[in-house]
file protein.cif (mmCIF, C-alpha atoms (C1' of nucleotides))
data_target
#
loop_
_atom_site.label_atom_id
_atom_site.label_comp_id
_atom_site.auth_asym_id
_atom_site.auth_seq_id
_atom_site.Cartn_x
_atom_site.Cartn_y
_atom_site.Cartn_z
CA MET A 25 72.95 98.13 106.24
CA GLU A 26 74.24 95.22 104.28
CA ASN A 27 74.28 91.59 105.20
CA ILE A 28 77.74 91.46 106.57
CA ASP A 29 78.03 87.68 106.74
CA GLN A 30 78.62 87.42 103.03
CA PHE A 31 81.50 89.83 103.31
CA TYR A 32 83.70 87.77 105.48
CA PRO A 33 83.45 84.05 105.27
CA GLN A 34 87.22 84.36 105.49
CA LEU A 35 87.13 86.44 108.64
CA SER A 36 87.24 85.00 112.07
CA GLY A 37 87.68 86.65 115.42
CA ILE A 38 85.61 89.69 114.61
CA THR A 39 83.81 91.14 117.58
CA PRO A 40 80.06 91.78 117.38
CA GLU A 41 80.62 95.53 117.65
CA ALA A 42 83.11 95.52 114.82
CA LYS A 43 80.76 93.40 112.80
CA ALA A 44 77.96 95.90 113.31
CA ASP A 45 80.16 98.85 112.34
CA LEU A 46 81.42 97.00 109.30
CA GLY A 47 77.87 96.27 108.25
CA LYS A 48 77.09 99.99 108.31
CA ALA A 49 80.09 100.84 106.17
CA ILE A 50 79.60 98.51 103.22
CA LYS A 51 77.43 98.86 100.17
CA THR A 52 76.54 96.46 97.35
CA PHE A 53 76.49 97.25 93.62
CA THR A 54 76.11 95.45 90.35
CA ALA A 55 78.06 95.77 87.12
CA LYS A 56 77.05 94.50 83.71
CA LYS A 57 79.45 92.48 81.67
CA GLY A 58 81.91 94.88 80.11
CA GLN A 59 81.62 97.60 82.72
CA PHE A 60 84.53 99.03 84.67
CA LEU A 61 84.53 98.88 88.45
CA LEU A 62 87.62 101.10 88.34
CA LYS A 63 89.19 103.01 85.49
CA LYS A 64 92.91 103.59 85.34
CA GLY A 65 93.86 107.13 86.27
CA THR A 66 91.36 107.28 89.11
CA VAL A 67 92.15 106.48 92.73
CA CYS A 68 91.00 103.07 93.90
CA GLN A 69 88.83 104.03 96.86
CA HIS A 70 87.44 100.62 97.75
CA LEU A 71 88.03 97.17 98.94
CA TYR A 72 85.88 94.91 96.76
CA PHE A 73 84.14 91.71 97.67
CA ILE A 74 82.66 89.65 94.85
CA ASN A 75 79.31 88.13 95.66
CA GLN A 76 78.73 86.77 92.19
CA GLY A 77 80.53 87.16 88.90
CA LEU A 78 84.04 87.51 87.52
CA CYS A 79 86.40 90.46 87.17
CA LYS A 80 89.91 91.10 85.99
CA THR A 81 92.47 93.69 87.08
CA PHE A 82 94.59 94.69 84.13
CA PHE A 83 96.86 97.34 82.68
CA LEU A 84 97.97 98.28 79.20
CA LYS A 85 101.43 98.58 77.74
CA GLY A 86 100.76 100.49 74.56
CA ASP A 87 97.64 98.70 73.36
CA LYS A 88 98.66 95.35 74.75
CA PRO A 89 96.73 94.30 77.85
CA PHE A 90 98.20 92.38 80.77
CA ILE A 91 96.07 90.85 83.48
CA MET A 92 97.27 90.97 87.05
CA ARG A 93 94.58 88.69 88.44
CA PHE A 94 91.11 87.30 88.02
CA PHE A 95 88.65 87.60 90.89
CA THR A 96 85.56 85.53 91.33
CA GLU A 97 83.02 84.57 93.99
CA ASP A 98 84.10 85.34 97.58
CA ALA A 99 87.31 87.08 96.55
CA ILE A 100 88.26 90.21 98.46
CA PHE A 101 90.62 92.51 96.61
CA THR A 102 91.62 96.02 95.66
CA VAL A 103 94.31 97.76 93.62
CA LEU A 104 96.64 97.92 96.55
CA ASP A 105 99.13 100.61 95.60
CA SER A 106 96.41 103.04 94.58
CA PHE A 107 94.26 102.11 97.56
CA VAL A 108 97.04 102.46 100.13
CA ASN A 109 98.77 105.52 98.74
CA GLN A 110 95.64 107.18 97.35
CA LEU A 111 97.29 107.63 93.98
CA PRO A 112 95.77 107.25 90.52
CA SER A 113 95.69 103.60 89.58
CA THR A 114 97.62 102.24 86.62
CA TYR A 115 95.25 99.27 86.68
CA SER A 116 91.60 99.00 85.75
CA ILE A 117 89.01 96.63 87.16
CA TYR A 118 86.66 95.21 84.55
CA ALA A 119 83.65 92.90 84.81
CA LEU A 120 84.02 89.85 82.56
CA GLU A 121 80.58 88.65 83.66
CA PRO A 122 77.57 90.34 85.24
CA THR A 123 78.93 90.97 88.72
CA THR A 124 77.49 91.75 92.13
CA TYR A 125 80.03 93.24 94.47
CA THR A 126 80.23 94.81 97.89
CA CYS A 127 82.43 97.83 98.63
CA LEU A 128 84.18 99.13 101.68
CA SER A 129 85.88 102.50 101.27
CA SER A 130 89.48 103.14 102.21
CA ALA A 131 88.46 105.88 104.61
CA ALA A 132 85.93 103.61 106.31
CA LEU A 133 88.40 100.76 106.55
CA LEU A 134 91.07 102.95 108.13
CA SER A 135 88.65 104.34 110.65
CA LEU A 136 87.38 100.83 111.42
CA CYS A 137 90.98 99.77 111.88
CA GLN A 138 91.53 102.48 114.44
CA LYS A 139 88.38 101.68 116.31
CA HIS A 140 88.58 97.89 116.21
CA HIS A 141 91.86 96.10 116.57
CA CYS A 142 90.26 92.97 115.12
CA ILE A 143 89.56 94.78 111.85
CA GLU A 144 93.18 95.79 111.60
CA THR A 145 94.06 92.13 112.10
CA PHE A 146 91.65 91.17 109.35
CA TYR A 147 93.19 93.74 107.03
CA ARG A 148 96.69 92.55 107.89
CA LYS A 149 95.77 88.94 107.12
CA LEU A 150 94.09 89.96 103.91
CA VAL A 151 97.19 91.73 102.67
CA SER A 152 99.40 88.87 103.85
CA ASN A 153 97.44 86.43 101.75
CA ALA A 154 97.61 88.74 98.76
CA SER A 155 101.38 88.88 99.20
CA ILE A 156 101.69 85.14 99.41
CA ASN A 157 99.68 84.72 96.22
CA MET A 158 101.90 87.24 94.48
CA MET A 159 105.06 85.47 95.61
CA LYS A 160 103.74 82.34 93.99
CA ARG A 161 102.95 84.20 90.79
CA ILE A 162 106.43 85.73 90.68
CA SER A 163 107.99 82.30 91.15
CA GLU A 164 105.94 80.90 88.29
CA LEU A 165 106.81 83.77 85.99
CA LEU A 166 110.50 83.34 86.79
CA GLU A 167 110.90 79.61 86.60
CA ASP A 168 108.34 78.45 84.05
CA ASN A 169 108.09 79.03 80.34
CA ALA A 170 104.74 79.84 78.78
CA SER A 171 103.81 76.24 78.19
CA GLU A 172 104.42 75.29 81.82
CA ARG A 173 102.54 78.34 83.06
CA TYR A 174 99.59 77.35 80.90
CA ALA A 175 99.65 73.80 82.22
CA ASP A 176 99.82 75.16 85.77
CA PHE A 177 96.87 77.43 85.22
CA VAL A 178 94.79 74.60 83.81
CA LYS A 179 95.65 72.43 86.78
CA GLU A 180 94.95 75.08 89.40
CA HIS A 181 92.01 76.91 87.88
CA ARG A 182 90.26 74.40 85.69
CA GLU A 183 86.89 75.82 86.70
CA LEU A 184 87.88 79.29 85.46
CA LEU A 185 88.94 78.00 82.05
CA GLN A 186 85.33 77.79 80.93
CA ARG A 187 84.67 81.36 82.00
CA ILE A 188 87.55 83.31 80.49
CA SER A 189 88.55 83.83 76.88
CA LEU A 190 91.77 82.57 75.36
CA GLY A 191 92.85 86.16 74.89
CA ASP A 192 92.37 86.98 78.55
CA LEU A 193 94.23 83.89 79.62
CA ALA A 194 97.10 84.86 77.31
CA SER A 195 97.15 88.34 78.85
CA TYR A 196 97.37 86.73 82.27
CA LEU A 197 100.21 84.43 81.23
CA GLY A 198 102.07 87.30 79.59
CA ILE A 199 102.05 85.95 76.05
CA THR A 200 100.09 86.70 72.88
CA GLN A 201 96.89 84.88 72.21
CA VAL A 202 98.37 83.49 69.04
CA SER A 203 101.14 81.92 71.09
CA LEU A 204 98.63 80.47 73.51
CA SER A 205 96.58 79.02 70.70
CA ARG A 206 99.75 77.40 69.41
CA LEU A 207 100.57 76.00 72.85
CA ARG A 208 97.12 74.59 73.21
CA ALA A 209 97.33 72.91 69.80
CA ALA A 210 100.64 71.30 70.67
CA ARG A 211 99.06 68.74 72.96
CA MET H 12 117.84 94.68 124.93
CA GLU H 13 118.69 95.90 121.50
CA ASN H 14 118.80 99.40 120.23
CA ILE H 15 115.34 99.53 118.80
CA ASP H 16 115.75 102.75 116.87
CA GLN H 17 117.71 101.03 114.14
CA PHE H 18 114.90 98.57 113.70
CA TYR H 19 112.24 100.95 112.62
CA PRO H 20 113.29 104.06 110.81
CA GLN H 21 110.25 103.21 108.71
CA LEU H 22 107.91 103.00 111.68
CA SER H 23 105.95 105.89 112.96
CA GLY H 24 103.21 106.06 115.52
CA ILE H 25 104.68 103.49 117.83
CA THR H 26 103.92 104.08 121.46
CA PRO H 27 106.76 104.17 124.01
CA GLU H 28 105.41 101.01 125.68
CA ALA H 29 105.32 99.13 122.40
CA LYS H 30 108.77 100.38 121.61
CA ALA H 31 110.08 99.07 124.91
CA ASP H 32 108.46 95.67 124.42
CA LEU H 33 109.77 95.48 120.88
CA GLY H 34 113.25 96.26 122.11
CA LYS H 35 113.07 93.31 124.49
CA ALA H 36 111.99 90.94 121.74
CA ILE H 37 114.66 91.55 119.13
CA LYS H 38 118.14 90.16 118.83
CA THR H 39 121.04 90.96 116.50
CA PHE H 40 123.27 88.46 114.70
CA THR H 41 125.96 88.42 112.08
CA ALA H 42 126.45 86.18 109.09
CA LYS H 43 129.59 85.76 107.05
CA LYS H 44 129.48 86.00 103.31
CA GLY H 45 128.14 82.72 102.00
CA GLN H 46 126.17 81.77 105.10
CA PHE H 47 122.49 80.96 105.14
CA LEU H 48 120.13 82.96 107.33
CA LEU H 49 117.45 80.44 106.42
CA LYS H 50 117.68 77.10 104.66
CA LYS H 51 114.87 75.80 102.51
CA GLY H 52 112.88 73.10 104.22
CA THR H 53 112.95 74.85 107.58
CA VAL H 54 110.24 77.16 108.87
CA CYS H 55 111.04 80.86 108.62
CA GLN H 56 110.63 81.93 112.22
CA HIS H 57 111.77 85.52 111.95
CA LEU H 58 111.26 88.92 110.59
CA TYR H 59 114.68 90.19 109.52
CA PHE H 60 116.05 93.68 109.58
CA ILE H 61 119.34 94.31 107.79
CA ASN H 62 121.65 96.65 109.65
CA GLN H 63 124.52 96.19 107.27
CA GLY H 64 125.17 93.88 104.34
CA LEU H 65 123.31 92.23 101.49
CA CYS H 66 121.17 89.10 101.24
CA LYS H 67 119.16 87.29 98.63
CA THR H 68 116.04 85.15 98.95
CA PHE H 69 116.11 82.44 96.33
CA PHE H 70 114.80 79.04 95.34
CA LEU H 71 115.96 76.30 93.01
CA LYS H 72 114.22 74.68 90.10
CA GLY H 73 116.34 71.61 89.55
CA ASP H 74 119.78 73.15 89.92
CA LYS H 75 118.79 76.48 88.44
CA PRO H 76 118.52 79.26 91.01
CA PHE H 77 115.93 82.04 90.91
CA ILE H 78 116.15 85.08 93.12
CA MET H 79 112.98 86.51 94.58
CA ARG H 80 114.57 89.64 95.98
CA PHE H 81 117.72 91.29 97.23
CA PHE H 82 117.70 92.94 100.65
CA THR H 83 120.15 95.51 101.84
CA GLU H 84 120.60 98.12 104.56
CA ASP H 85 117.38 99.04 106.41
CA ALA H 86 115.28 96.43 104.62
CA ILE H 87 112.74 94.54 106.71
CA PHE H 88 111.67 91.22 105.25
CA THR H 89 110.85 87.58 105.80
CA VAL H 90 109.75 84.58 103.73
CA LEU H 91 106.14 85.45 104.11
CA ASP H 92 104.34 82.21 103.30
CA SER H 93 106.55 80.18 105.60
CA PHE H 94 106.47 82.85 108.28
CA VAL H 95 102.71 83.29 108.25
CA ASN H 96 101.68 79.68 107.86
CA GLN H 97 104.59 78.19 109.78
CA LEU H 98 105.36 75.82 106.96
CA PRO H 99 108.76 74.72 105.62
CA SER H 100 110.12 77.37 103.32
CA THR H 101 110.79 76.70 99.66
CA TYR H 102 113.11 79.70 99.71
CA SER H 103 116.49 80.16 101.32
CA ILE H 104 118.02 83.37 102.62
CA TYR H 105 121.71 83.73 101.86
CA ALA H 106 124.26 86.40 102.75
CA LEU H 107 126.00 87.81 99.69
CA GLU H 108 128.13 90.02 101.92
CA PRO H 109 129.06 89.95 105.59
CA THR H 110 125.74 90.88 107.13
CA THR H 111 124.52 92.19 110.45
CA TYR H 112 120.85 91.58 110.99
CA THR H 113 118.25 91.91 113.70
CA CYS H 114 115.54 89.31 114.24
CA LEU H 115 112.05 89.37 115.62
CA SER H 116 110.38 85.98 115.97
CA SER H 117 106.96 85.21 114.59
CA ALA H 118 105.69 84.28 118.05
CA ALA H 119 106.97 87.52 119.53
CA LEU H 120 105.51 89.57 116.71
CA LEU H 121 102.09 88.00 117.07
CA SER H 122 102.06 88.53 120.80
CA LEU H 123 103.21 92.13 120.32
CA CYS H 124 100.41 92.55 117.80
CA GLN H 125 97.87 91.41 120.35
CA LYS H 126 99.22 93.63 123.06
CA HIS H 127 99.88 96.75 120.98
CA HIS H 128 97.52 97.81 118.26
CA CYS H 129 100.24 100.06 116.83
CA ILE H 130 102.47 97.04 116.21
CA GLU H 131 99.71 95.35 114.27
CA THR H 132 99.42 98.53 112.22
CA PHE H 133 103.15 98.47 111.61
CA TYR H 134 102.95 94.84 110.52
CA ARG H 135 100.01 95.60 108.24
CA LYS H 136 101.88 98.46 106.59
CA LEU H 137 104.98 96.34 106.22
CA VAL H 138 103.08 93.62 104.39
CA SER H 139 101.23 96.19 102.30
CA ASN H 140 104.50 97.61 101.08
CA ALA H 141 105.80 94.15 100.31
CA SER H 142 102.66 93.51 98.29
CA ILE H 143 103.02 96.72 96.38
CA ASN H 144 106.61 95.89 95.51
CA MET H 145 105.55 92.47 94.31
CA MET H 146 102.79 93.91 92.12
CA LYS H 147 105.42 96.00 90.44
CA ARG H 148 107.66 93.01 89.94
CA ILE H 149 104.81 90.98 88.42
CA SER H 150 104.01 93.82 86.05
CA GLU H 151 107.61 94.01 84.92
CA LEU H 152 107.86 90.27 84.40
CA LEU H 153 104.66 90.31 82.36
CA GLU H 154 105.18 93.32 80.16
CA ASP H 155 108.94 93.56 79.68
CA ASN H 156 111.35 91.32 77.88
CA ALA H 157 114.70 90.49 79.45
CA SER H 158 116.47 93.45 77.91
CA GLU H 159 113.91 95.92 79.25
CA ARG H 160 113.95 94.28 82.67
CA TYR H 161 117.72 94.63 82.75
CA ALA H 162 117.54 98.29 81.77
CA ASP H 163 114.91 98.84 84.46
CA PHE H 164 117.04 97.21 87.09
CA VAL H 165 120.05 99.31 86.17
CA LYS H 166 117.96 102.44 86.37
CA GLU H 167 116.32 101.62 89.69
CA HIS H 168 119.15 99.88 91.50
CA ARG H 169 122.33 101.26 90.04
CA GLU H 170 123.98 101.20 93.48
CA LEU H 171 123.30 97.45 93.78
CA LEU H 172 124.92 96.66 90.45
CA GLN H 173 128.37 96.98 91.95
CA ARG H 174 127.51 94.59 94.76
CA ILE H 175 125.90 91.65 92.99
CA SER H 176 127.32 89.24 90.45
CA LEU H 177 126.10 88.92 86.89
CA GLY H 178 124.87 85.43 87.69
CA ASP H 179 122.76 86.65 90.60
CA LEU H 180 121.29 89.45 88.55
CA ALA H 181 120.41 86.94 85.83
CA SER H 182 118.72 84.72 88.44
CA TYR H 183 116.71 87.73 89.55
CA LEU H 184 115.69 88.62 86.01
CA GLY H 185 114.75 85.02 85.25
CA ILE H 186 117.27 84.43 82.46
CA THR H 187 120.57 82.59 82.15
CA GLN H 188 123.75 84.43 82.90
CA VAL H 189 124.92 83.78 79.38
CA SER H 190 121.85 85.60 78.09
CA LEU H 191 122.49 88.51 80.43
CA SER H 192 126.10 88.75 79.33
CA ARG H 193 124.83 88.90 75.76
CA LEU H 194 122.33 91.64 76.63
CA ARG H 195 124.97 93.66 78.36
CA ALA H 196 127.30 93.38 75.35
CA ALA H 197 124.56 94.57 73.01
CA ARG H 198 124.81 98.15 74.21
"C1'" DC S 27 68.16 81.97 59.04
"C1'" DG S 28 71.68 85.08 57.55
"C1'" DT S 29 74.99 88.56 58.27
"C1'" DG S 30 78.29 91.01 60.72
"C1'" DT S 31 81.41 90.76 64.74
"C1'" DT S 32 84.49 88.61 67.78
"C1'" DT S 33 87.40 84.84 68.98
"C1'" DT S 34 90.46 81.22 67.86
"C1'" DT S 35 93.50 78.84 64.76
"C1'" DT S 36 96.95 78.42 61.20
"C1'" DT S 37 100.90 79.90 58.53
"C1'" DT S 38 105.21 82.20 57.65
"C1'" DC S 39 109.12 84.64 58.96
"C1'" DA S 40 111.94 87.28 62.39
"C1'" DA S 41 113.74 88.06 66.92
"C1'" DA S 42 114.74 86.58 71.58
"C1'" DT S 43 116.33 83.23 74.64
"C1'" DG S 44 118.23 78.66 76.05
"C1'" DA S 45 121.80 74.96 75.94
"C1'" DT S 46 126.34 73.73 75.45
"C1'" DA S 47 131.10 74.32 74.98
"C1'" DA S 48 135.10 76.87 75.18
"C1'" DA S 49 137.94 81.01 75.77
"C1'" DA S 50 139.06 85.04 78.28
"C1'" DA S 51 139.12 87.75 82.29
"C1'" DA S 52 138.80 88.53 87.00
"C1'" DT S 53 139.22 87.06 91.63
"C1'" DC S 54 140.89 84.28 95.36
"C1'" DA S 55 143.93 81.49 98.28
"C1'" DC S 56 148.15 80.80 99.94
"C1'" DG D 27 153.24 86.67 92.86
"C1'" DT D 28 151.51 82.42 91.06
"C1'" DG D 29 148.44 78.85 90.30
"C1'" DA D 30 143.70 77.53 91.03
"C1'" DT D 31 139.05 78.79 91.00
"C1'" DT D 32 135.27 81.51 89.79
"C1'" DT D 33 133.05 84.75 86.85
"C1'" DT D 34 132.14 86.67 82.51
"C1'" DT D 35 132.26 86.65 77.58
"C1'" DT D 36 131.96 84.70 73.00
"C1'" DA D 37 130.32 81.48 69.61
"C1'" DT D 38 127.17 78.10 67.56
"C1'" DC D 39 122.93 75.90 67.06
"C1'" DA D 40 118.12 74.65 68.68
"C1'" DT D 41 113.83 76.14 70.60
"C1'" DT D 42 110.49 79.45 72.02
"C1'" DT D 43 107.90 83.38 71.31
"C1'" DG D 44 106.41 87.50 68.69
"C1'" DA D 45 104.49 89.97 64.54
"C1'" DA D 46 101.49 90.07 60.86
"C1'" DA D 47 98.12 88.41 57.92
"C1'" DA D 48 94.60 85.43 56.77
"C1'" DA D 49 91.38 81.54 57.41
"C1'" DA D 50 88.15 79.18 60.27
"C1'" DA D 51 85.03 78.90 63.97
"C1'" DA D 52 81.96 80.65 67.34
"C1'" DC D 53 78.78 84.07 68.68
"C1'" DA D 54 75.25 87.90 68.62
"C1'" DC D 55 71.24 89.40 67.09
"C1'" DG D 56 67.90 91.46 63.82
#

call {"tool": "encode", "arguments": {"input": "protein.cif", "output": "structure tokens"}}
result
Amino acid sequence: MENIDQFYPQLSGITPEAKADLGKAIKTFTAKKGQFLLKKGTVCQHLYFINQGLCKTFFLKGDKPFIMRFFTEDAIFTVLDSFVNQLPSTYSIYALEPTTYTCLSSAALLSLCQKHHCIETFYRKLVSNASINMMKRISELLEDNASERYADFVKEHRELLQRISLGDLASYLGITQVSLSRLRAAR
Amino acid sequence: MENIDQFYPQLSGITPEAKADLGKAIKTFTAKKGQFLLKKGTVCQHLYFINQGLCKTFFLKGDKPFIMRFFTEDAIFTVLDSFVNQLPSTYSIYALEPTTYTCLSSAALLSLCQKHHCIETFYRKLVSNASINMMKRISELLEDNASERYADFVKEHRELLQRISLGDLASYLGITQVSLSRLRAAR
DNA sequence: CGTGTTTTTTTTCAAATGATAAAAAATCAC
DNA sequence: GTGATTTTTTATCATTTGAAAAAAAACACG
């Protein structure tokens, strides 16, 4: 049984029984830099919690990569469409740094949800927050040009800048790394 | 008490008691074309279900509008960040056609969630689907240029094309309507 | 330290999109 | 139906971004 407290600093209102059951259901792993936590084409079976490290979720269009999001310490995430619908994922999850992560399977989560209302509430809040983050990302993609999106990212995630490559940042912003290099030079 | 059946063709697994309580909590309204269901700066207090009509959620950058999404018959939606965090919305909801819609307040939903586990499950699934839709939208904004996004929209929402103006579609795609007119002419 | 690899920058040219203005077409109000 | 208003198209020019290739810099590691 894992130390459950690490898994939910963001959780509140979990009953002791639910906490105990959750602790039995989770398992911790490590990935080296460059390893895949999930490969596209396979079903995303887990909710992931990052204890330590940095990952990206990304997909390819042809050979051009696009990054959906970066996840770092204390983030809880999954590839939602694959996870919910149990369909092969079009996204991969990739460790950009040596990463320690804790997993909760879809099956376990659903059964915990049925047994403990408070877990369902946790899951609902988790997905709500994911949605809110995505709304913000959509707004930025719509209203800002690449240069503004870069400035925004620097402002909001300055600490991440040191940890990700220019190429990965470009893939996140939806531009080529050459364009990003040009943007960066322009100031 | 409203006819609840219209409100949840998408729901399954709702108990009769929950259904009855839900029926007591909802209320139906109409909006004329051009009316606001929600004005930016006010807190989004409701979950909306569209019985009939067409709405857009949008925001302004300066005087340039951007459309987050269109909602039509049987859609259930809200402005999630405002709704969840009870903060003033940066988005407005606007009726593009005469619209009949049914509302469920945030307070009522939360209390229904506490009372009926199945309502919390419904809410969780609702937000999950919203998230999945947004993931898809982010992917499209990242990987496709305006011309591909337009072609995608035509393919996926041909029925909507007749109901929305070129300007609104451009605001949804994140380009100017002059650009969209040019794209359309190019084929 | 040196060499091979990866990442970032620079350059040039082409294509896509924005801004502005104006014309044309469609729609609306009465 | 007619004039006013709104929507869509067309045109021109400026800016942004992409594509490709090459140079420079940073990094990995024997």

call {"tool": "resolve_selection", "arguments": {"input": "protein.cif", "expression": "the PyMOL selection byres ((chain H) within 10 of (chain S))", "output": "PyMOL selection string"}}
result
chain H and resi 156-158+186-187+189-191

call {"tool": "atom_distance", "arguments": {"input": "protein.cif", "atom1": "CA of Ser122 (chain H)", "atom2": "CA of Ala42 (chain H)"}}
result
27.2 Å

call {"tool": "interface_residues", "arguments": {"input": "protein.cif", "of": "chain D", "to": "chain H", "cutoff": "10 Å", "atoms": "all atoms listed in the file", "output": "MDAnalysis selection string"}}
result
chainID D and resid 33:36

call {"tool": "interface_residues", "arguments": {"input": "protein.cif", "of": "chain A", "to": "chain H", "cutoff": "10 Å", "atoms": "all atoms listed in the file", "output": "PyMOL selection string"}}
result
chain A and resi 82-85+88-92+103-106+108+137-138+140-142+144-163+165-168+195-199

call {"tool": "resolve_selection", "arguments": {"input": "protein.cif", "expression": "the PyMOL selection byres ((chain A and resi 107) around 9)", "output": "PDB file with C-alpha atoms, in the coordinates of the input"}}
result
ATOM      1  CA  VAL A  67      92.150 106.480  92.730  1.00  0.00           C
ATOM      2  CA  CYS A  68      91.000 103.070  93.900  1.00  0.00           C
ATOM      3  CA  GLN A  69      88.830 104.030  96.860  1.00  0.00           C
ATOM      4  CA  HIS A  70      87.440 100.620  97.750  1.00  0.00           C
ATOM      5  CA  LEU A  71      88.030  97.170  98.940  1.00  0.00           C
ATOM      6  CA  THR A 102      91.620  96.020  95.660  1.00  0.00           C
ATOM      7  CA  VAL A 103      94.310  97.760  93.620  1.00  0.00           C
ATOM      8  CA  LEU A 104      96.640  97.920  96.550  1.00  0.00           C
ATOM      9  CA  ASP A 105      99.130 100.610  95.600  1.00  0.00           C
ATOM     10  CA  SER A 106      96.410 103.040  94.580  1.00  0.00           C
ATOM     11  CA  VAL A 108      97.040 102.460 100.130  1.00  0.00           C
ATOM     12  CA  ASN A 109      98.770 105.520  98.740  1.00  0.00           C
ATOM     13  CA  GLN A 110      95.640 107.180  97.350  1.00  0.00           C
ATOM     14  CA  LEU A 111      97.290 107.630  93.980  1.00  0.00           C
ATOM     15  CA  PRO A 112      95.770 107.250  90.520  1.00  0.00           C
ATOM     16  CA  SER A 113      95.690 103.600  89.580  1.00  0.00           C
ATOM     17  CA  SER A 130      89.480 103.140 102.210  1.00  0.00           C
TER      18      SER A 130
END

call {"tool": "atom_distance", "arguments": {"input": "protein.cif", "atom1": "CA of Arg182 (chain A)", "atom2": "CA of Glu164 (chain A)"}}
result
17.2 Å

call {"tool": "residues_near_point", "arguments": {"input": "protein.cif", "point": "(114.5, 91.0, 110.5)", "cutoff": "12 Å", "atoms": "all atoms listed in the file", "output": "PyMOL selection string"}}
result
chain H and resi 15+17-19+36-41+48-49+55-63+66+82-91+94+104+110-117+120+137

call {"tool": "build_atoms", "arguments": {"input": "protein.cif", "residues": "region 175-186 of chain A", "atoms": "N, CA, C and O atoms", "output": "compact mmCIF listing (two decimals), in the coordinates of the input"}}
result
# COMPACT_ATOMS: atom_id res chain seq x y z
N ALA A 175 100.00 75.07 81.59
CA ALA A 175 99.65 73.80 82.22
C ALA A 175 99.31 74.00 83.70
O ALA A 175 98.34 73.43 84.21
N ASP A 176 100.09 74.83 84.37
CA ASP A 176 99.82 75.16 85.77
C ASP A 176 98.45 75.78 85.95
O ASP A 176 97.70 75.41 86.85
N PHE A 177 98.15 76.73 85.08
CA PHE A 177 96.87 77.43 85.22
C PHE A 177 95.72 76.44 85.04
O PHE A 177 94.75 76.46 85.80
N VAL A 178 95.84 75.59 84.05
CA VAL A 178 94.79 74.60 83.81
C VAL A 178 94.61 73.72 85.04
O VAL A 178 93.48 73.46 85.47
N LYS A 179 95.73 73.31 85.63
CA LYS A 179 95.65 72.43 86.78
C LYS A 179 95.00 73.13 87.98
O LYS A 179 94.15 72.57 88.66
N GLU A 180 95.37 74.39 88.19
CA GLU A 180 94.95 75.08 89.40
C GLU A 180 93.61 75.80 89.27
O GLU A 180 92.96 76.10 90.26
N HIS A 181 93.24 76.12 88.05
CA HIS A 181 92.01 76.91 87.88
C HIS A 181 91.13 76.34 86.78
O HIS A 181 90.59 77.09 85.97
N ARG A 182 91.02 75.03 86.77
CA ARG A 182 90.26 74.40 85.69
C ARG A 182 88.86 75.00 85.58
O ARG A 182 88.35 75.22 84.47
N GLU A 183 88.25 75.30 86.72
CA GLU A 183 86.89 75.82 86.70
C GLU A 183 86.80 77.19 86.02
O GLU A 183 85.79 77.53 85.42
N LEU A 184 87.89 77.95 86.08
CA LEU A 184 87.88 79.29 85.46
C LEU A 184 88.03 79.21 83.94
O LEU A 184 87.59 80.10 83.22
N LEU A 185 88.66 78.14 83.48
CA LEU A 185 88.94 78.00 82.05
C LEU A 185 87.69 78.18 81.20
O LEU A 185 87.74 78.76 80.11
N GLN A 186 86.57 77.71 81.70
CA GLN A 186 85.33 77.79 80.93
C GLN A 186 84.81 79.23 80.89
O GLN A 186 83.99 79.57 80.05
